[in-house]
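Colleague: Hey, dropping input-v2.cif in here, mmCIF, C-alpha atoms:
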data_input
#
loop_
_atom_site.label_atom_id
_atom_site.label_comp_id
_atom_site.auth_asym_id
_atom_site.auth_seq_id
_atom_site.Cartn_x
_atom_site.Cartn_y
_atom_site.Cartn_z
CA MET A 1 -20.11 -7.66 -4.87
CA ARG A 2 -18.81 -7.89 -8.45
CA ARG A 3 -15.06 -8.45 -8.62
CA ASN A 4 -12.60 -7.28 -11.28
CA ASP A 5 -12.50 -10.71 -12.92
CA GLY A 6 -16.29 -10.63 -13.45
CA SER A 7 -17.15 -13.07 -10.67
CA VAL A 8 -19.71 -12.24 -7.97
CA ARG A 9 -19.09 -12.75 -4.27
CA GLU A 10 -21.76 -12.67 -1.60
CA VAL A 11 -20.69 -10.51 1.34
CA THR A 12 -22.01 -11.79 4.66
CA GLY A 13 -19.83 -9.83 7.11
CA ALA A 14 -18.65 -6.29 7.72
CA ALA A 15 -15.11 -4.92 7.67
CA LEU A 16 -13.94 -1.55 8.96
CA SER A 17 -10.90 0.57 8.17
CA TYR A 18 -10.71 3.86 10.03
CA GLN A 19 -8.50 6.73 11.16
CA VAL A 20 -8.65 8.70 14.40
CA HIS A 21 -6.53 11.81 14.96
CA PRO A 22 -3.90 11.06 17.66
CA GLY A 23 -5.05 14.17 19.54
CA HIS A 24 -8.57 12.75 19.83
CA ALA A 25 -7.87 9.11 20.64
CA GLU A 26 -10.93 8.96 22.93
CA LEU A 27 -13.19 9.12 19.84
CA ILE A 28 -12.42 5.47 19.11
CA ASP A 29 -15.30 4.47 21.42
CA ASP A 30 -17.70 6.48 19.25
CA VAL A 31 -16.33 4.74 16.16
CA ILE A 32 -16.73 1.27 17.69
CA GLU A 33 -20.24 1.96 18.95
CA TRP A 34 -21.29 3.31 15.55
CA TYR A 35 -19.80 0.24 13.84
CA ASP A 36 -21.59 -2.14 16.19
CA SER A 37 -24.89 -0.38 15.51
CA VAL A 38 -24.71 -0.29 11.68
CA ALA A 39 -23.29 -3.83 11.40
CA ALA A 40 -25.52 -5.48 14.02
CA GLY A 41 -26.20 -9.11 13.18
CA LEU A 42 -23.05 -9.50 11.09
CA GLU A 43 -19.63 -10.88 11.86
CA ARG A 44 -17.43 -7.78 12.23
CA THR A 45 -13.74 -7.31 11.53
CA ALA A 46 -11.55 -4.25 12.03
CA THR A 47 -7.94 -3.41 11.29
CA PRO A 48 -6.23 -1.12 13.79
CA THR A 49 -2.43 -1.15 13.93
CA THR A 50 -0.06 -2.32 16.62
CA ALA A 51 0.89 1.33 17.21
CA GLU A 52 -2.63 2.13 18.51
CA GLU A 53 -2.24 0.83 22.05
CA PHE A 54 -5.17 2.79 23.51
CA ALA A 55 -7.46 1.81 20.65
CA LEU A 56 -6.55 -1.87 20.99
CA ARG A 57 -7.64 -1.80 24.63
CA ARG A 58 -10.93 -0.18 23.67
CA TRP A 59 -11.62 -2.69 20.89
CA ALA A 60 -11.04 -5.50 23.39
CA ALA A 61 -13.42 -3.83 25.85
CA HIS A 62 -16.11 -3.95 23.16
CA GLY A 63 -15.69 -7.69 22.60
CA PHE A 64 -13.27 -7.77 19.67
CA VAL A 65 -10.51 -10.40 19.71
CA ALA A 66 -7.50 -11.23 17.55
CA ASP A 67 -8.55 -12.63 14.16
CA ALA A 68 -6.67 -15.94 14.12
CA ALA A 69 -7.52 -16.67 10.46
CA ALA A 70 -6.25 -13.28 9.25
CA LEU A 71 -3.09 -13.70 11.33
CA GLY A 72 -2.27 -17.14 9.85
CA ASP A 73 0.75 -17.92 7.69
CA ASP A 74 -1.19 -16.94 4.57
CA GLY A 75 -3.11 -14.08 6.15
CA ASP A 76 -3.71 -10.82 4.35
CA TRP A 77 -2.60 -8.40 7.08
CA THR A 78 -0.13 -5.72 6.08
CA GLN A 79 2.85 -3.99 7.59
CA LEU A 80 4.12 -0.44 7.10
CA ASN A 81 7.82 -0.13 6.31
CA ARG A 82 10.03 2.97 6.48
CA ARG A 83 13.53 4.09 5.55
CA ASP A 84 15.45 7.36 5.65
CA LEU A 85 16.69 8.78 2.37
CA THR A 86 20.36 8.51 3.28
CA ASP A 87 23.05 6.15 2.00
CA LEU A 88 21.18 5.37 -1.21
CA ASP A 89 22.73 2.91 -3.67
CA GLN A 90 22.82 3.87 -7.32
CA PRO A 91 20.17 2.09 -9.43
CA VAL A 92 21.34 -0.31 -12.13
CA LEU A 93 19.10 -1.42 -15.02
CA PRO A 94 19.72 -4.23 -17.52
CA ASP A 95 21.09 -3.11 -20.88
CA GLY A 96 18.47 -1.47 -23.09
CA PHE A 97 16.09 -0.53 -20.26
CA ARG A 98 15.59 3.08 -19.17
CA PHE A 99 13.77 5.09 -16.52
CA ARG A 100 10.79 7.24 -17.45
CA THR A 101 8.22 9.29 -15.57
CA ALA A 102 4.49 9.44 -16.22
CA ASP A 103 4.93 13.05 -17.31
CA GLU A 104 7.35 11.85 -19.99
CA ALA A 105 5.63 8.62 -21.01
CA GLY A 106 2.05 9.93 -21.04
CA SER A 107 -1.24 8.77 -19.59
CA GLU A 108 -1.82 5.83 -21.95
CA ALA A 109 1.54 4.27 -21.09
CA ALA A 110 1.03 4.83 -17.35
CA VAL A 111 -2.39 3.15 -17.43
CA GLN A 112 -1.14 0.21 -19.49
CA ALA A 113 1.78 -0.35 -17.11
CA HIS A 114 -0.65 -0.63 -14.20
CA VAL A 115 -3.04 -2.94 -16.06
CA ASP A 116 -0.20 -5.24 -17.17
CA ALA A 117 1.23 -5.51 -13.66
CA TRP A 118 -2.09 -6.06 -11.87
CA ALA A 119 -4.19 -8.04 -14.36
CA PRO A 120 -7.07 -8.59 -14.13
CA SER A 121 -7.60 -4.90 -13.43
CA SER A 122 -10.47 -2.46 -13.97
CA TYR A 123 -8.05 0.50 -14.08
CA THR A 124 -8.84 2.88 -16.95
CA ALA A 125 -7.87 6.27 -18.35
CA GLU A 126 -10.76 7.71 -16.33
CA SER A 127 -9.36 6.09 -13.17
CA TYR A 128 -5.97 7.61 -13.81
CA ALA A 129 -7.49 11.02 -14.47
CA GLY A 130 -8.91 10.87 -10.95
CA VAL A 131 -5.51 9.88 -9.56
CA ARG A 132 -3.92 12.89 -11.23
CA GLN A 133 -6.35 15.21 -9.43
CA THR A 134 -5.17 13.97 -6.02
CA ALA A 135 -3.16 16.58 -4.12
CA ALA A 136 -0.30 14.21 -3.26
CA TYR A 137 0.17 13.00 -6.84
CA ARG A 138 3.04 14.26 -8.98
CA GLY A 139 3.68 12.99 -12.48
CA ASP A 140 7.42 13.50 -12.04
CA LEU A 141 7.33 11.13 -9.04
CA HIS A 142 5.37 8.46 -10.91
CA VAL A 143 8.26 6.34 -12.16
CA LEU A 144 8.39 3.66 -14.83
CA VAL A 145 10.93 1.37 -16.49
CA GLU A 146 10.72 1.12 -20.26
CA ALA A 147 11.90 -2.12 -21.90
CA PRO A 148 13.89 -2.12 -25.16
CA ASP A 149 10.72 -2.88 -27.14
CA GLY A 150 8.88 0.12 -25.65
CA THR A 151 6.83 -1.85 -23.09
CA MET A 152 6.47 -0.11 -19.74
CA ALA A 153 7.79 -3.08 -17.80
CA SER A 154 7.54 -1.72 -14.23
CA SER A 155 5.91 1.24 -12.51
CA ALA A 156 5.38 2.86 -9.12
CA ILE A 157 3.65 5.98 -7.84
CA MET A 158 5.30 7.94 -5.04
CA TRP A 159 2.74 10.01 -3.14
CA PHE A 160 4.48 13.12 -1.84
CA ASP A 161 3.51 14.53 1.57
CA ARG A 162 5.33 17.85 1.67
CA ALA A 163 4.30 18.70 5.25
CA ASN A 164 5.86 15.51 6.62
CA ARG A 165 8.67 15.39 4.05
CA THR A 166 7.83 11.85 3.02
CA VAL A 167 6.82 9.77 0.01
CA GLU A 168 4.79 6.57 0.00
CA PHE A 169 5.26 3.98 -2.73
CA GLU A 170 1.81 2.70 -3.80
CA PRO A 171 1.45 0.68 -5.95
CA VAL A 172 4.64 -1.03 -7.10
CA GLY A 173 4.18 -3.50 -9.95
CA THR A 174 6.04 -5.26 -12.76
CA HIS A 175 4.79 -6.81 -16.01
CA PRO A 176 4.79 -10.64 -15.64
CA ASP A 177 7.15 -11.04 -18.62
CA TYR A 178 9.77 -8.81 -16.99
CA ARG A 179 9.88 -10.08 -13.43
CA ARG A 180 13.01 -11.40 -11.70
CA LEU A 181 15.24 -8.97 -13.62
CA GLY A 182 15.79 -6.50 -10.78
CA LEU A 183 13.59 -3.85 -12.38
CA ALA A 184 11.52 -3.05 -9.28
CA ARG A 185 14.63 -2.68 -7.13
CA ALA A 186 16.30 -0.34 -9.63
CA MET A 187 13.08 1.63 -10.15
CA MET A 188 12.55 2.16 -6.43
CA LEU A 189 16.16 3.22 -5.89
CA HIS A 190 15.75 5.68 -8.74
CA GLY A 191 12.54 6.88 -7.12
CA LEU A 192 14.23 7.35 -3.75
CA HIS A 193 16.81 9.61 -5.37
CA LEU A 194 14.02 11.61 -7.04
CA ALA A 195 12.14 11.87 -3.75
CA ARG A 196 15.19 13.18 -1.93
CA ALA A 197 15.75 15.76 -4.66
CA ALA A 198 12.08 16.81 -4.29
CA GLY A 199 12.56 17.51 -0.57
CA ALA A 200 11.56 14.25 1.13
CA ASP A 201 13.72 12.83 3.91
CA HIS A 202 12.07 9.43 4.34
CA ALA A 203 9.89 6.97 2.46
CA THR A 204 7.28 4.35 3.35
CA VAL A 205 5.80 1.33 1.62
CA VAL A 206 3.20 -1.24 2.70
CA CYS A 207 3.38 -4.98 2.02
CA LEU A 208 1.73 -8.19 3.13
CA GLY A 209 3.35 -9.24 6.38
CA ALA A 210 2.43 -12.91 6.86
CA PRO A 211 5.19 -15.54 6.44
CA GLY A 212 3.44 -16.94 3.37
CA HIS A 213 3.92 -13.69 1.42
CA PRO A 214 7.68 -13.04 1.50
CA ARG A 215 8.41 -11.62 -1.96
CA ALA A 216 7.50 -7.95 -1.63
CA ARG A 217 8.81 -7.85 1.94
CA GLY A 218 12.13 -9.27 0.75
CA LEU A 219 12.37 -6.64 -1.98
CA TYR A 220 11.70 -3.78 0.44
CA TYR A 221 14.02 -5.13 3.15
CA GLY A 222 16.73 -5.45 0.51
CA LEU A 223 16.28 -1.74 -0.19
CA GLY A 224 16.77 -0.81 3.47
CA PHE A 225 13.12 -0.51 4.55
CA ARG A 226 12.23 -1.86 7.98
CA GLU A 227 8.91 -2.47 9.72
CA LEU A 228 7.41 0.57 11.45
CA SER A 229 4.00 -0.86 12.40
CA ARG A 230 1.66 -3.65 11.38
CA ASP A 231 -2.02 -4.45 11.25
CA ALA A 232 -3.62 -6.00 14.32
CA PRO A 233 -6.66 -7.72 12.71
CA LEU A 234 -9.62 -8.07 15.07
CA ILE A 235 -12.91 -9.90 14.82
CA LYS A 236 -16.21 -9.92 16.70
CA PRO A 237 -17.75 -13.30 15.87
CA LEU A 238 -21.46 -13.87 15.86
CA ARG A 239 -22.55 -15.47 19.07
CA SER A 240 -24.25 -18.83 18.80
CA PRO A 241 -27.96 -18.73 19.70
#
Now, as a test, write the supplied structure out as structure tokens.
Modeller:
Amino acid sequence: MRRNDGSVREVTGAALSYQVHPGHAELIDDVIEWYDSVAAGLERTATPTTAEEFALRRWAAHGFVADAAALGDDGDWTQLNRRDLTDLDQPVLPDGFRFRTADEAGSEAAVQAHVDAWAPSSYTAESYAGVRQTAAYRGDLHVLVEAPDGTMASSAIMWFDRANRTVEFEPVGTHPDYRRLGLARAMMLHGLHLARAAGADHATVVCLGAPGHPRARGLYYGLGFRELSRDAPLIKPLRSP
């Protein structure tokens, strides 16, 4: 597998992310059996959530156990956070900074904001063109903060689910030269106001949940988000001969 930084990593295990409609929870056994068949001979991991009580019992019945390494203090499991769009503070930016949207700033600025925040990144104009074709994407809910020198210092996309009256922040990022200025907090508050005006009544955002990754979680908790569910990483180790 070639990574964004140009390095190559040999993949020796299998990892599964999946979704099963809540009305057809019994299909999880079909998913697990298919996974075991296509990944036979490999160490297998899977990432259900703590909300999937029935599925967790079925994974255990098929020999999967808690992944102790993934659940460590520096593990990479994530948690889903939620807040209602009530009692919103007013956003405050440092002098000279202003809010923009991707519709206003244009594609080149939106792409550069992402690349700056997530370097090294393979994100391109072509990547963003694909994003814009996604049904849940709206350029007026893709928010940015412009610095006094014209740099797009922070950005976030809010994916709007009209049926469920919700937005999801993904991703949220800030240029390294403009961190610790409160830009992400102000930008997300501004976004929450825009989401409410668009018809949403709650918002979600995902972050790393392990104790060793407190920064994003602290930002979101400070904005009133609270944990709704979390990953329950599982593993099926290879048996010794």
Colleague: I'd like the interatomic distance between atom CA of Leu16 of chain A and atom CA of Ala40 of chain A, to a tenth of an Å.
Modeller: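 Interatomic distance, atom CA of Leu16 of chain A to atom CA of Ala40 of chain A: 13.2 Å.
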Colleague: My list of candidates is A:Leu80, A:Ser122, A:Gly106, A:Ala186. Which is closest to Glu170 of chain A when distances are computed with all atoms listed in the file?
Modeller: A:Leu80
Colleague: Where does the PyMOL selection byres ((chain A and resi 131) around 12) land in this file, that is, which residues does it pick, as a ChimeraX atom specification?
Modeller: /A:107,110-111,123-130,132-139,142,157-159,170
Colleague: For Ala184 of chain A, which residue out of A:His62, A:Arg83, A:Arg215, A:Arg57 is the nearest one, using all atoms listed in the file?
Modeller: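 Among A:His62, A:Arg83, A:Arg215, A:Arg57, it is A:Arg215 that comes nearest to Ala184 of chain A.
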Colleague: How many Å lie between atom CA of Gly218 of chain A and atom CA of Leu194 of chain A, rounded to one decimal?
Modeller: 22.4 Å
Colleague: Can you work out which one of A:Asp67, A:Glu26, A:Glu104, A:Glu43 has the shortest atom-to-atom distance to Ala55 of chain A, counting only C-alpha atoms?
Modeller: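 For Ala55 of chain A, the nearest of the given residues is A:Glu26.
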Colleague: A:Ala109, A:Leu42, A:Ala210, A:Met152: which is nearest Arg239 of chain A, counting all atoms listed in the file?
Modeller: A:Leu42
Colleague: Restricting the calculation to only C-alpha atoms: of A:Met1, A:Ala61, A:Ala25, A:Ala68, which residue gets closest to Pro233 of chain A?
Modeller: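 Distance minimum relative to Pro233 of chain A lands on A:Ala68.
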Colleague: Which residue, A:Met187, A:Val115, A:Thr166, A:Asn81, has the smallest gap to Val205 of chain A when you use all atoms listed in the file?
Modeller: A:Asn81
